>>> print(open('run28.tsv').read())   # TSV, C-alpha atoms
chain	number	residue	atom	x	y	z
K	1	MET	CA	10.18	-38.20	21.63
K	2	GLY	CA	10.10	-34.76	23.19
K	3	LYS	CA	7.42	-32.19	22.74
K	4	ILE	CA	7.47	-28.48	22.13
K	5	LEU	CA	7.36	-26.07	25.01
K	6	PHE	CA	6.17	-22.54	24.50
K	7	SER	CA	7.96	-20.26	26.92
K	8	PHE	CA	6.30	-16.91	27.49
K	9	LEU	CA	7.19	-15.49	30.86
K	10	LEU	CA	6.99	-11.74	30.43
K	11	LEU	CA	9.77	-10.12	32.39
K	12	ILE	CA	8.20	-6.66	32.34
K	13	ILE	CA	4.59	-5.55	32.32
K	14	ILE	CA	4.29	-1.86	31.46
K	15	GLN	CA	1.43	0.57	31.85
K	16	PRO	CA	-0.38	1.72	28.72
K	17	LEU	CA	0.92	4.87	27.07
K	18	VAL	CA	-1.16	7.90	28.08
K	19	PHE	CA	-1.43	11.56	27.20
K	20	SER	CA	-1.00	14.25	29.83
K	21	ALA	CA	-1.89	17.92	30.03
K	22	ASP	CA	1.80	18.90	30.17
K	23	GLY	CA	2.91	16.96	27.14
K	24	GLU	CA	2.81	13.67	25.35
K	25	ASN	CA	4.48	10.36	26.13
K	26	LEU	CA	6.30	9.18	23.03
K	27	ILE	CA	8.05	5.89	22.50
K	28	LYS	CA	11.81	6.52	22.39
K	29	SER	CA	13.13	2.95	22.18
K	30	VAL	CA	12.04	-0.68	22.27
K	31	GLY	CA	13.54	-3.58	24.20
K	32	PHE	CA	13.20	-7.35	23.79
K	33	VAL	CA	11.18	-9.08	26.51
K	34	SER	CA	10.51	-12.70	25.55
K	35	ALA	CA	9.41	-15.03	22.75
K	36	ILE	CA	6.82	-17.66	21.93
K	37	GLU	CA	8.83	-20.36	20.23
K	38	LYS	CA	9.92	-23.96	20.05
K	39	GLN	CA	12.13	-24.84	23.00
K	40	GLY	CA	13.04	-28.50	22.35
K	41	ASP	CA	12.57	-31.36	24.80
K	42	SER	CA	10.99	-30.76	28.18
K	43	LYS	CA	9.26	-32.85	30.82
K	44	ASN	CA	6.89	-30.00	31.60
K	45	ASP	CA	5.31	-29.66	28.16
K	46	GLN	CA	1.64	-28.72	28.16
K	47	LEU	CA	1.16	-29.21	24.42
K	48	SER	CA	0.65	-32.34	22.36
K	49	VAL	CA	3.13	-33.83	19.91
K	50	ASP	CA	1.05	-32.31	17.10
K	51	ASP	CA	2.20	-28.87	18.20
K	52	ARG	CA	5.65	-29.84	16.94
K	53	LYS	CA	4.33	-28.49	13.65
K	54	TYR	CA	4.47	-24.94	15.06
K	55	ALA	CA	6.47	-23.04	12.44
K	56	GLN	CA	6.41	-19.93	10.29
K	57	PRO	CA	3.93	-17.72	12.17
K	58	TYR	CA	2.34	-15.18	9.86
K	59	GLY	CA	-0.74	-13.15	10.74
K	60	ILE	CA	-1.27	-12.20	14.38
K	61	THR	CA	-3.69	-9.96	16.25
K	62	PHE	CA	-4.65	-9.18	19.83
K	63	ASP	CA	-8.08	-8.73	21.40
K	64	ASP	CA	-8.71	-8.42	25.13
K	65	ASN	CA	-6.23	-10.85	26.70
K	66	LEU	CA	-6.04	-13.23	23.73
K	67	LEU	CA	-3.26	-13.43	21.15
K	68	TYR	CA	-4.35	-14.98	17.84
K	69	SER	CA	-1.75	-16.37	15.44
K	70	ILE	CA	-1.69	-18.29	12.17
K	71	VAL	CA	1.09	-20.86	11.76
K	72	ASN	CA	2.01	-23.16	8.89
K	73	TYR	CA	-0.49	-21.27	6.70
K	74	LYS	CA	-3.35	-23.40	8.06
K	75	THR	CA	-3.49	-23.51	11.86
K	76	VAL	CA	-4.93	-20.90	14.21
K	77	GLN	CA	-3.39	-20.87	17.68
K	78	ILE	CA	-4.94	-18.76	20.44
K	79	PHE	CA	-2.90	-17.88	23.52
K	80	GLU	CA	-4.35	-16.46	26.71
K	81	LYS	CA	-2.41	-13.90	28.75
K	82	ASN	CA	-3.08	-14.06	32.48
K	83	LYS	CA	-2.78	-11.27	35.05
K	84	THR	CA	0.90	-11.99	35.67
K	85	GLY	CA	1.74	-11.75	31.96
K	86	VAL	CA	2.23	-15.47	31.34
K	87	PHE	CA	0.88	-16.94	28.10
K	88	LYS	CA	-0.69	-20.35	27.72
K	89	LEU	CA	-2.05	-22.03	24.62
K	90	LYS	CA	-5.84	-21.86	25.04
K	91	THR	CA	-6.93	-23.66	21.87
K	92	LYS	CA	-5.97	-24.35	18.28
K	93	PHE	CA	-7.70	-25.52	15.12
K	94	ASP	CA	-6.93	-26.09	11.46
K	95	ILE	CA	-8.67	-24.12	8.72
K	96	PRO	CA	-10.46	-26.42	6.23
K	97	SER	CA	-8.93	-26.45	2.77
K	98	THR	CA	-9.62	-28.12	-0.56
K	99	ASN	CA	-5.89	-28.83	-0.70
K	100	PRO	CA	-4.36	-28.88	2.82
K	101	GLU	CA	-0.85	-29.30	1.42
K	102	GLN	CA	-1.15	-25.96	-0.36
K	103	SER	CA	-3.18	-23.99	2.17
K	104	SER	CA	-2.23	-20.32	2.36
K	105	CYS	CA	-4.04	-18.73	5.30
K	106	GLN	CA	-2.00	-15.65	6.16
K	107	TYR	CA	-4.01	-12.90	7.87
K	108	ILE	CA	-6.49	-12.90	10.73
K	109	ALA	CA	-8.84	-10.25	12.17
K	110	VAL	CA	-11.19	-10.16	15.15
K	111	ASP	CA	-14.52	-8.35	15.24
K	112	SER	CA	-14.25	-6.86	18.73
K	113	THR	CA	-18.05	-6.53	18.93
K	114	ASN	CA	-19.04	-10.18	18.56
K	115	LYS	CA	-15.58	-11.82	18.72
K	116	ASN	CA	-15.94	-13.44	15.30
K	117	LEU	CA	-12.67	-14.38	13.58
K	118	PHE	CA	-12.02	-13.68	9.89
K	119	ILE	CA	-9.19	-15.60	8.22
K	120	SER	CA	-8.11	-15.06	4.63
K	121	ASN	CA	-6.89	-17.88	2.38
K	122	TYR	CA	-4.82	-16.44	-0.43
K	123	ILE	CA	-4.74	-19.47	-2.72
K	124	GLU	CA	-8.44	-20.33	-2.34
K	125	HIS	CA	-9.56	-16.68	-2.66
K	126	THR	CA	-11.76	-17.14	0.42
K	127	ILE	CA	-12.44	-15.67	3.85
K	128	TYR	CA	-13.34	-18.12	6.63
K	129	ILE	CA	-15.53	-17.02	9.53
K	130	TYR	CA	-15.28	-18.53	13.02
K	131	SER	CA	-17.56	-17.73	15.96
K	132	ARG	CA	-16.72	-18.11	19.64
K	133	THR	CA	-19.17	-20.18	21.66
K	134	SER	CA	-20.13	-19.57	25.28
K	135	SER	CA	-17.63	-22.27	26.28
K	136	GLY	CA	-14.79	-20.43	24.55
K	137	ALA	CA	-14.51	-22.85	21.62
K	138	TYR	CA	-14.42	-21.65	18.02
K	139	VAL	CA	-16.67	-23.10	15.33
K	140	ASN	CA	-16.64	-22.50	11.59
K	141	THR	CA	-19.85	-20.60	10.83
K	142	GLY	CA	-19.31	-19.79	7.18
K	143	LYS	CA	-17.04	-18.46	4.50
K	144	ILE	CA	-17.06	-15.62	2.02
K	145	LYS	CA	-16.35	-16.66	-1.54
K	146	THR	CA	-14.97	-14.03	-3.87
K	147	ASP	CA	-15.39	-15.77	-7.21
K	148	GLY	CA	-17.77	-14.06	-9.61
K	149	LEU	CA	-16.56	-10.53	-8.89
K	150	ASP	CA	-15.83	-8.32	-11.90
K	151	LEU	CA	-12.04	-8.26	-11.46
K	152	VAL	CA	-9.08	-8.90	-13.76
K	153	ASN	CA	-7.57	-11.64	-11.57
K	154	ALA	CA	-8.83	-14.06	-8.98
K	155	VAL	CA	-8.90	-12.36	-5.57
K	156	GLY	CA	-5.56	-12.52	-3.74
K	157	ALA	CA	-7.02	-12.44	-0.22
K	158	LYS	CA	-4.65	-10.93	2.34
K	159	GLY	CA	-5.12	-8.46	5.21
K	160	LEU	CA	-8.56	-7.70	6.65
K	161	THR	CA	-10.28	-5.57	9.23
K	162	VAL	CA	-13.82	-4.89	10.49
K	163	ASP	CA	-15.16	-1.40	11.21
K	164	LYS	CA	-17.60	-0.39	13.95
K	165	SER	CA	-20.58	-0.72	11.62
K	166	GLY	CA	-19.69	-4.31	10.79
K	167	LEU	CA	-18.31	-3.71	7.29
K	168	LEU	CA	-15.51	-6.12	6.40
K	169	TYR	CA	-12.52	-4.85	4.43
K	170	LEU	CA	-10.24	-7.23	2.50
K	171	VAL	CA	-6.95	-6.43	0.79
K	172	ASP	CA	-7.01	-7.99	-2.68
K	173	SER	CA	-3.30	-8.05	-3.42
K	174	ASP	CA	-3.54	-9.58	-6.90
K	175	ASN	CA	-5.95	-6.92	-8.18
K	176	SER	CA	-4.41	-4.10	-6.10
K	177	VAL	CA	-7.77	-3.02	-4.65
K	178	ILE	CA	-9.56	-3.01	-1.31
K	179	LEU	CA	-12.84	-4.97	-1.30
K	180	VAL	CA	-15.71	-4.13	1.06
K	181	PHE	CA	-18.29	-6.69	2.22
K	182	LYS	CA	-21.54	-6.10	4.07
K	183	LYS	CA	-23.99	-8.42	5.80
K	184	ASN	CA	-27.29	-8.91	4.02
K	185	ALA	CA	-30.69	-9.62	5.58
K	186	ARG	CA	-29.79	-13.33	5.84
K	187	GLY	CA	-26.66	-12.51	7.85
K	188	GLU	CA	-24.37	-13.43	4.95
K	189	TYR	CA	-21.54	-11.24	3.71
K	190	GLU	CA	-21.81	-9.99	0.15
K	191	PHE	CA	-19.73	-7.64	-1.97
K	192	ASN	CA	-20.57	-3.99	-1.30
K	193	ASN	CA	-17.85	-1.72	-2.68
K	194	GLN	CA	-14.19	-1.39	-3.63
K	195	PHE	CA	-11.53	1.29	-3.85
K	196	GLY	CA	-8.08	1.73	-5.36
K	197	SER	CA	-6.56	0.45	-8.59
K	198	LEU	CA	-3.27	-0.90	-9.94
K	199	GLY	CA	-0.46	1.62	-10.32
K	200	SER	CA	2.03	3.87	-8.57
K	201	GLY	CA	0.07	7.12	-8.61
K	202	LYS	CA	-2.26	8.67	-6.10
K	203	LYS	CA	-5.08	6.30	-5.08
K	204	GLN	CA	-3.23	3.34	-6.62
K	205	PHE	CA	-1.60	0.23	-5.17
K	206	VAL	CA	0.91	-2.40	-6.21
K	207	PHE	CA	0.43	-5.70	-4.37
K	208	PRO	CA	-0.94	-4.21	-1.12
K	209	SER	CA	-0.77	-6.49	1.92
K	210	ASP	CA	-2.59	-5.30	5.01
K	211	ILE	CA	-5.13	-2.80	6.34
K	212	ALA	CA	-5.84	-1.26	9.75
K	213	MET	CA	-8.07	1.46	11.19
K	214	ASP	CA	-7.31	4.24	13.65
K	215	LYS	CA	-9.70	5.59	16.28
K	216	ASN	CA	-10.86	8.26	13.81
K	217	ASN	CA	-11.95	5.55	11.34
K	218	ASN	CA	-9.17	6.28	8.85
K	219	PHE	CA	-7.83	3.28	6.92
K	220	TYR	CA	-4.09	2.63	6.69
K	221	ILE	CA	-2.96	0.27	3.93
K	222	THR	CA	0.51	-1.18	3.37
K	223	ASP	CA	1.14	-0.48	-0.31
K	224	THR	CA	3.86	-3.12	-0.46
K	225	GLY	CA	4.97	-2.83	-4.08
K	226	ASN	CA	5.14	0.97	-3.86
K	227	ASN	CA	6.97	0.87	-0.51
K	228	ARG	CA	4.58	3.28	1.17
K	229	ILE	CA	1.57	3.54	3.47
K	230	GLN	CA	-1.67	5.01	2.16
K	231	ILE	CA	-4.41	6.60	4.28
K	232	TRP	CA	-8.04	6.60	3.14
K	233	LYS	CA	-11.32	7.63	4.74
K	234	ARG	CA	-14.95	6.67	4.31
K	235	GLU	CA	-17.19	9.50	3.17
K	236	ALA	CA	-20.67	10.16	4.54
K	237	SER	CA	-22.00	9.09	1.14
K	238	GLY	CA	-20.52	5.62	1.66
K	239	GLY	CA	-17.70	6.10	-0.81
K	240	TYR	CA	-13.97	6.10	-0.04
K	241	ASP	CA	-11.43	8.83	-0.63
K	242	PHE	CA	-7.64	9.07	-0.50
K	243	VAL	CA	-6.22	11.24	2.31
K	244	SER	CA	-2.43	11.02	2.11
K	245	SER	CA	0.53	8.66	2.03
K	246	PHE	CA	4.00	8.40	3.52
K	247	GLY	CA	7.16	6.42	2.89
K	248	SER	CA	9.34	5.45	-0.05
K	249	LYS	CA	11.85	2.73	-0.90
K	250	GLY	CA	15.04	2.69	1.13
K	251	THR	CA	16.81	1.65	4.31
K	252	ALA	CA	16.84	4.98	6.17
K	253	GLN	CA	14.40	5.53	9.01
K	254	GLY	CA	10.96	6.27	7.60
K	255	ARG	CA	11.58	4.35	4.38
K	256	PHE	CA	10.52	0.82	3.51
K	257	TYR	CA	11.45	-2.24	1.55
K	258	GLY	CA	8.28	-4.31	1.18
K	259	PRO	CA	6.16	-3.16	4.15
K	260	ASN	CA	3.81	-5.97	5.12
K	261	SER	CA	1.60	-5.84	8.20
K	262	ILE	CA	0.27	-2.84	10.09
K	263	PHE	CA	-1.29	-2.31	13.51
K	264	ILE	CA	-2.61	0.88	15.14
K	265	ASP	CA	-2.90	1.00	18.92
K	266	LYS	CA	-5.36	2.94	21.06
K	267	ASN	CA	-3.01	5.95	21.16
K	268	ASN	CA	-2.77	6.00	17.35
K	269	TYR	CA	0.80	4.77	17.20
K	270	ILE	CA	1.30	3.06	13.84
K	271	TYR	CA	3.38	-0.15	13.87
K	272	ILE	CA	4.63	-1.49	10.53
K	273	SER	CA	6.60	-4.64	9.77
K	274	ASP	CA	9.23	-3.45	7.28
K	275	THR	CA	9.77	-6.99	6.08
K	276	GLY	CA	12.43	-6.48	3.40
K	277	ASN	CA	14.55	-4.49	5.84
K	278	ASN	CA	13.98	-7.07	8.61
K	279	ARG	CA	12.80	-4.47	11.09
K	280	VAL	CA	9.75	-2.82	12.63
K	281	GLN	CA	9.07	0.91	12.42
K	282	ILE	CA	6.76	2.96	14.64
K	283	PHE	CA	5.16	6.16	13.36
K	284	LYS	CA	3.17	8.97	14.93
K	285	GLN	CA	1.24	11.77	13.26
K	286	ASN	CA	2.56	15.20	14.25
K	287	ALA	CA	0.73	18.50	14.71
K	288	ASP	CA	1.21	19.33	11.01
K	289	GLY	CA	-0.52	16.12	9.95
K	290	GLU	CA	2.69	14.48	8.76
K	291	TYR	CA	3.87	11.05	9.89
K	292	ASP	CA	7.14	10.85	11.80
K	293	ALA	CA	9.14	7.65	12.14
K	294	ILE	CA	9.94	7.82	15.85
K	295	VAL	CA	11.49	4.37	16.39
K	296	ARG	CA	12.88	1.53	14.31
K	297	PHE	CA	14.18	-1.74	15.70
K	298	GLY	CA	15.52	-5.04	14.38
K	299	THR	CA	17.89	-6.27	11.71
K	300	TYR	CA	18.48	-9.61	9.99
K	301	GLY	CA	19.54	-12.48	12.24
K	302	THR	CA	18.49	-15.35	14.47
K	303	GLU	CA	19.32	-13.80	17.85
K	304	TYR	CA	16.55	-12.32	19.98
K	305	GLY	CA	15.76	-8.82	18.80
K	306	LYS	CA	16.64	-9.75	15.22
K	307	PHE	CA	14.32	-11.06	12.51
K	308	GLY	CA	14.07	-13.42	9.58
K	309	ASP	CA	11.24	-11.75	7.66
K	310	PRO	CA	8.99	-10.10	10.25
K	311	VAL	CA	5.37	-10.22	9.08
K	312	GLY	CA	2.38	-10.04	11.43
K	313	ILE	CA	2.41	-7.40	14.15
K	314	ALA	CA	0.10	-6.59	17.08
K	315	VAL	CA	0.06	-4.59	20.32
K	316	ASP	CA	-1.79	-5.46	23.51
K	317	ASN	CA	-3.49	-3.17	26.03
K	318	ASP	CA	-0.28	-2.92	28.08
K	319	GLY	CA	1.68	-1.64	25.07
K	320	LEU	CA	3.65	-4.83	24.53
K	321	ILE	CA	4.54	-5.37	20.87
K	322	TYR	CA	4.23	-8.80	19.23
K	323	VAL	CA	6.07	-9.57	15.98
K	324	ALA	CA	5.68	-12.77	13.94
K	325	ASP	CA	9.29	-13.67	13.11
K	326	PHE	CA	8.47	-15.91	10.14
K	327	TYR	CA	11.69	-17.74	9.26
K	328	ASN	CA	12.85	-17.93	12.87
K	329	ASP	CA	9.64	-19.78	13.81
K	330	ARG	CA	8.69	-17.57	16.73
K	331	ILE	CA	6.71	-14.58	17.92
K	332	GLN	CA	8.94	-12.04	19.62
K	333	ILE	CA	7.64	-9.73	22.34
K	334	PHE	CA	8.99	-6.23	22.93
K	335	THR	CA	8.32	-3.46	25.42
K	336	PRO	CA	8.53	0.26	24.60
K	337	GLU	CA	10.29	2.84	26.70
K	338	GLU	CA	8.79	6.31	26.88
K	339	LYS	CA	9.93	9.90	26.92
K	340	GLN	CA	7.80	12.98	27.49
K	341	VAL	CA	7.63	15.65	24.83
K	342	ASP	CA	6.31	19.09	25.83
>>> encode(input="run28.tsv", output="structure tokens")
Amino acid sequence: MGKILFSFLLLIIIQPLVFSADGENLIKSVGFVSAIEKQGDSKNDQLSVDDRKYAQPYGITFDDNLLYSIVNYKTVQIFEKNKTGVFKLKTKFDIPSTNPEQSSCQYIAVDSTNKNLFISNYIEHTIYIYSRTSSGAYVNTGKIKTDGLDLVNAVGAKGLTVDKSGLLYLVDSDNSVILVFKKNARGEYEFNNQFGSLGSGKKQFVFPSDIAMDKNNNFYITDTGNNRIQIWKREASGGYDFVSSFGSKGTAQGRFYGPNSIFIDKNNYIYISDTGNNRVQIFKQNADGEYDAIVRFGTYGTEYGKFGDPVGIAVDNDGLIYVADFYNDRIQIFTPEEKQVD
């Protein structure tokens, strides 16, 4: 019986986008490069037969030269990108579950300071924590339970991120709030704060999905049910305040139909998986503080460059864009092309 081969030869390695004194390099288009996917039988497989279960990638993120992905709602796969742009499966492990047949791990985040992994399990209302050892292995070092919080529903754990101070932010989709956790003196995470509420008005969410931070420590949240992106900031007092929002329901550029995941790169480009429209949109804040949709790519289909429910999204240090193409059982890789704007 054949095994699964992951093919990831990157045809193009681009330089990171930079700003110049004369103008600004903006992304003008995006082209398909390659994919991480099932390739069928091969005599050169490097993976075991168990990796045949690779399917339905969901949450993904990138840190240093490592691509982290969640597949089958329960397995973390970590790929290493070498200097020539080739990916190889470095390690994988299953997340423990009280009911493995109904596991629902969807989103993953990396604390860039200590390299800890945080993985949310939607059904079990839990965040799992994994630490990287000196040998490069990952061990389960704890979990954050959310039962006992004063909320209407059990926590619907989805997207997460960690700020520079070590605060952990979790999107609680079922209560339409953002939960904040902080380490106590024992090194355990405990509930610290929350912001948002259920609704379609200012400062309100309907089934939010994901959260990301820009280099100015602003939070961007995919307000999925309201088909918009909300921006919040942390006040000096420790509270959280609404800044602005953009987007509405539709198929035109700049509009959404069920936006899911979000990623912000080092140049503050905002990448959003517009899942219901089977595409990705890239935004940039202009001089007036508004958010322009500068590029959109993708449509429904099985061919490369097309999607069957794009969900997780990430960008590496070279500017390559990674999209978890859920129903097509693959992660597609794209490269941006630039133009200079004076």
>>> closest_residue(input="run28.tsv", among="K:Phe79, K:Tyr169, K:Phe205, K:Phe334", to="Gly305 of chain K", atoms="all atoms listed in the file")
K:Phe334
>>> closest_residue(input="run28.tsv", among="K:Ile270, K:Ile294, K:Leu151, K:Ile231", to="Gln253 of chain K", atoms="all atoms listed in the file")
K:Ile294
>>> residues_around(input="run28.tsv", residues="Ile321 of chain K", least_positions_apart="4", cutoff="8 Å", atoms="all atoms listed in the file", output="MDAnalysis selection string")
chainID K and resid 313:316 333:336
>>> atom_distance(input="run28.tsv", atom1="atom CA of Asp292 of chain K", atom2="atom CA of Asn218 of chain K")
17.2 Å
>>> closest_residue(input="run28.tsv", among="K:Gly308, K:Asp288, K:Asp64, K:Asn317", to="Ile331 of chain K", atoms="all atoms listed in the file")
K:Gly308
>>> closest_residue(input="run28.tsv", among="K:Ser245, K:Thr98, K:Thr146, K:Thr222", to="Asn192 of chain K", atoms="only C-alpha atoms")
K:Thr146
>>> closest_residue(input="run28.tsv", among="K:Asn82, K:Thr251, K:Ser244, K:Ser261", to="Tyr322 of chain K", atoms="all atoms listed in the file")
K:Ser261
>>> residues_around(input="run28.tsv", residues="Asn193 of chain K", least_positions_apart="4", cutoff="10 Å", atoms="only C-alpha atoms", output="list in words")
Tyr169, Ile178, Leu179, Val180, Phe181, Lys182, Gly238, Gly239 and Tyr240 of chain K
>>> write_last_selection(input="run28.tsv", atoms="C-alpha atoms", output="PDB file, keeping the file's coordinate frame")
ATOM      1  CA  TYR K 169     -12.520  -4.850   4.430  1.00  0.00           C
ATOM      2  CA  ILE K 178      -9.560  -3.010  -1.310  1.00  0.00           C
ATOM      3  CA  LEU K 179     -12.840  -4.970  -1.300  1.00  0.00           C
ATOM      4  CA  VAL K 180     -15.710  -4.130   1.060  1.00  0.00           C
ATOM      5  CA  PHE K 181     -18.290  -6.690   2.220  1.00  0.00           C
ATOM      6  CA  LYS K 182     -21.540  -6.100   4.070  1.00  0.00           C
ATOM      7  CA  GLY K 238     -20.520   5.620   1.660  1.00  0.00           C
ATOM      8  CA  GLY K 239     -17.700   6.100  -0.810  1.00  0.00           C
ATOM      9  CA  TYR K 240     -13.970   6.100  -0.040  1.00  0.00           C
TER      10      TYR K 240
END
>>> atom_distance(input="run28.tsv", atom1="atom CA of Gly85 of chain K", atom2="atom CA of Arg279 of chain K")
24.7 Å
>>> atom_distance(input="run28.tsv", atom1="atom CA of Gly250 of chain K", atom2="atom CA of Asn227 of chain K")
8.4 Å
>>> residues_near_point(input="run28.tsv", point="(-3.2, 6.1, -2.9)", cutoff="12 Å", atoms="all atoms listed in the file", output="PyMOL selection string")
chain K and resi 176-178+195-206+208+219-224+226-233+240-247
>>> decode(input="run28.tsv", residues="segment 191-206 of chain K", atoms="N, CA and C atoms", output="short mmCIF file (atom, residue, chain, number, x, y, z; two decimals), in the first residue's frame")
data_model
loop_
_atom_site.label_atom_id
_atom_site.label_comp_id
_atom_site.auth_asym_id
_atom_site.auth_seq_id
_atom_site.Cartn_x
_atom_site.Cartn_y
_atom_site.Cartn_z
N PHE K 191 -8.15 33.38 34.12
CA PHE K 191 -8.95 34.42 33.48
C PHE K 191 -8.58 35.78 34.05
N ASN K 192 -8.43 36.77 33.13
CA ASN K 192 -8.02 38.11 33.55
C ASN K 192 -9.00 39.20 33.14
N ASN K 193 -9.60 39.06 31.94
CA ASN K 193 -10.46 40.13 31.44
C ASN K 193 -11.25 39.60 30.24
N GLN K 194 -12.16 40.42 29.73
CA GLN K 194 -12.87 40.10 28.52
C GLN K 194 -13.37 41.39 27.88
N PHE K 195 -13.64 41.34 26.58
CA PHE K 195 -14.24 42.50 25.92
C PHE K 195 -15.12 42.06 24.77
N GLY K 196 -16.09 42.94 24.44
CA GLY K 196 -17.08 42.63 23.41
C GLY K 196 -18.34 42.04 24.00
N SER K 197 -19.36 41.93 23.16
CA SER K 197 -20.63 41.32 23.55
C SER K 197 -21.36 40.89 22.29
N LEU K 198 -22.46 40.19 22.46
CA LEU K 198 -23.24 39.68 21.33
C LEU K 198 -24.07 40.80 20.71
N GLY K 199 -23.98 40.93 19.37
CA GLY K 199 -24.81 41.91 18.68
C GLY K 199 -24.14 42.39 17.40
N SER K 200 -24.80 43.30 16.72
CA SER K 200 -24.30 43.82 15.45
C SER K 200 -23.91 45.30 15.52
N GLY K 201 -23.92 45.85 16.70
CA GLY K 201 -23.54 47.25 16.86
C GLY K 201 -22.06 47.41 17.08
N LYS K 202 -21.68 48.65 17.39
CA LYS K 202 -20.30 48.94 17.72
C LYS K 202 -19.89 48.17 18.96
N LYS K 203 -18.69 47.62 18.97
CA LYS K 203 -18.14 46.85 20.08
C LYS K 203 -18.85 45.50 20.29
N GLN K 204 -19.57 45.02 19.29
CA GLN K 204 -20.30 43.76 19.41
C GLN K 204 -19.87 42.80 18.30
N PHE K 205 -20.01 41.51 18.61
CA PHE K 205 -19.65 40.45 17.68
C PHE K 205 -20.80 39.47 17.50
N VAL K 206 -20.76 38.77 16.37
CA VAL K 206 -21.63 37.62 16.16
C VAL K 206 -20.74 36.48 15.65
#
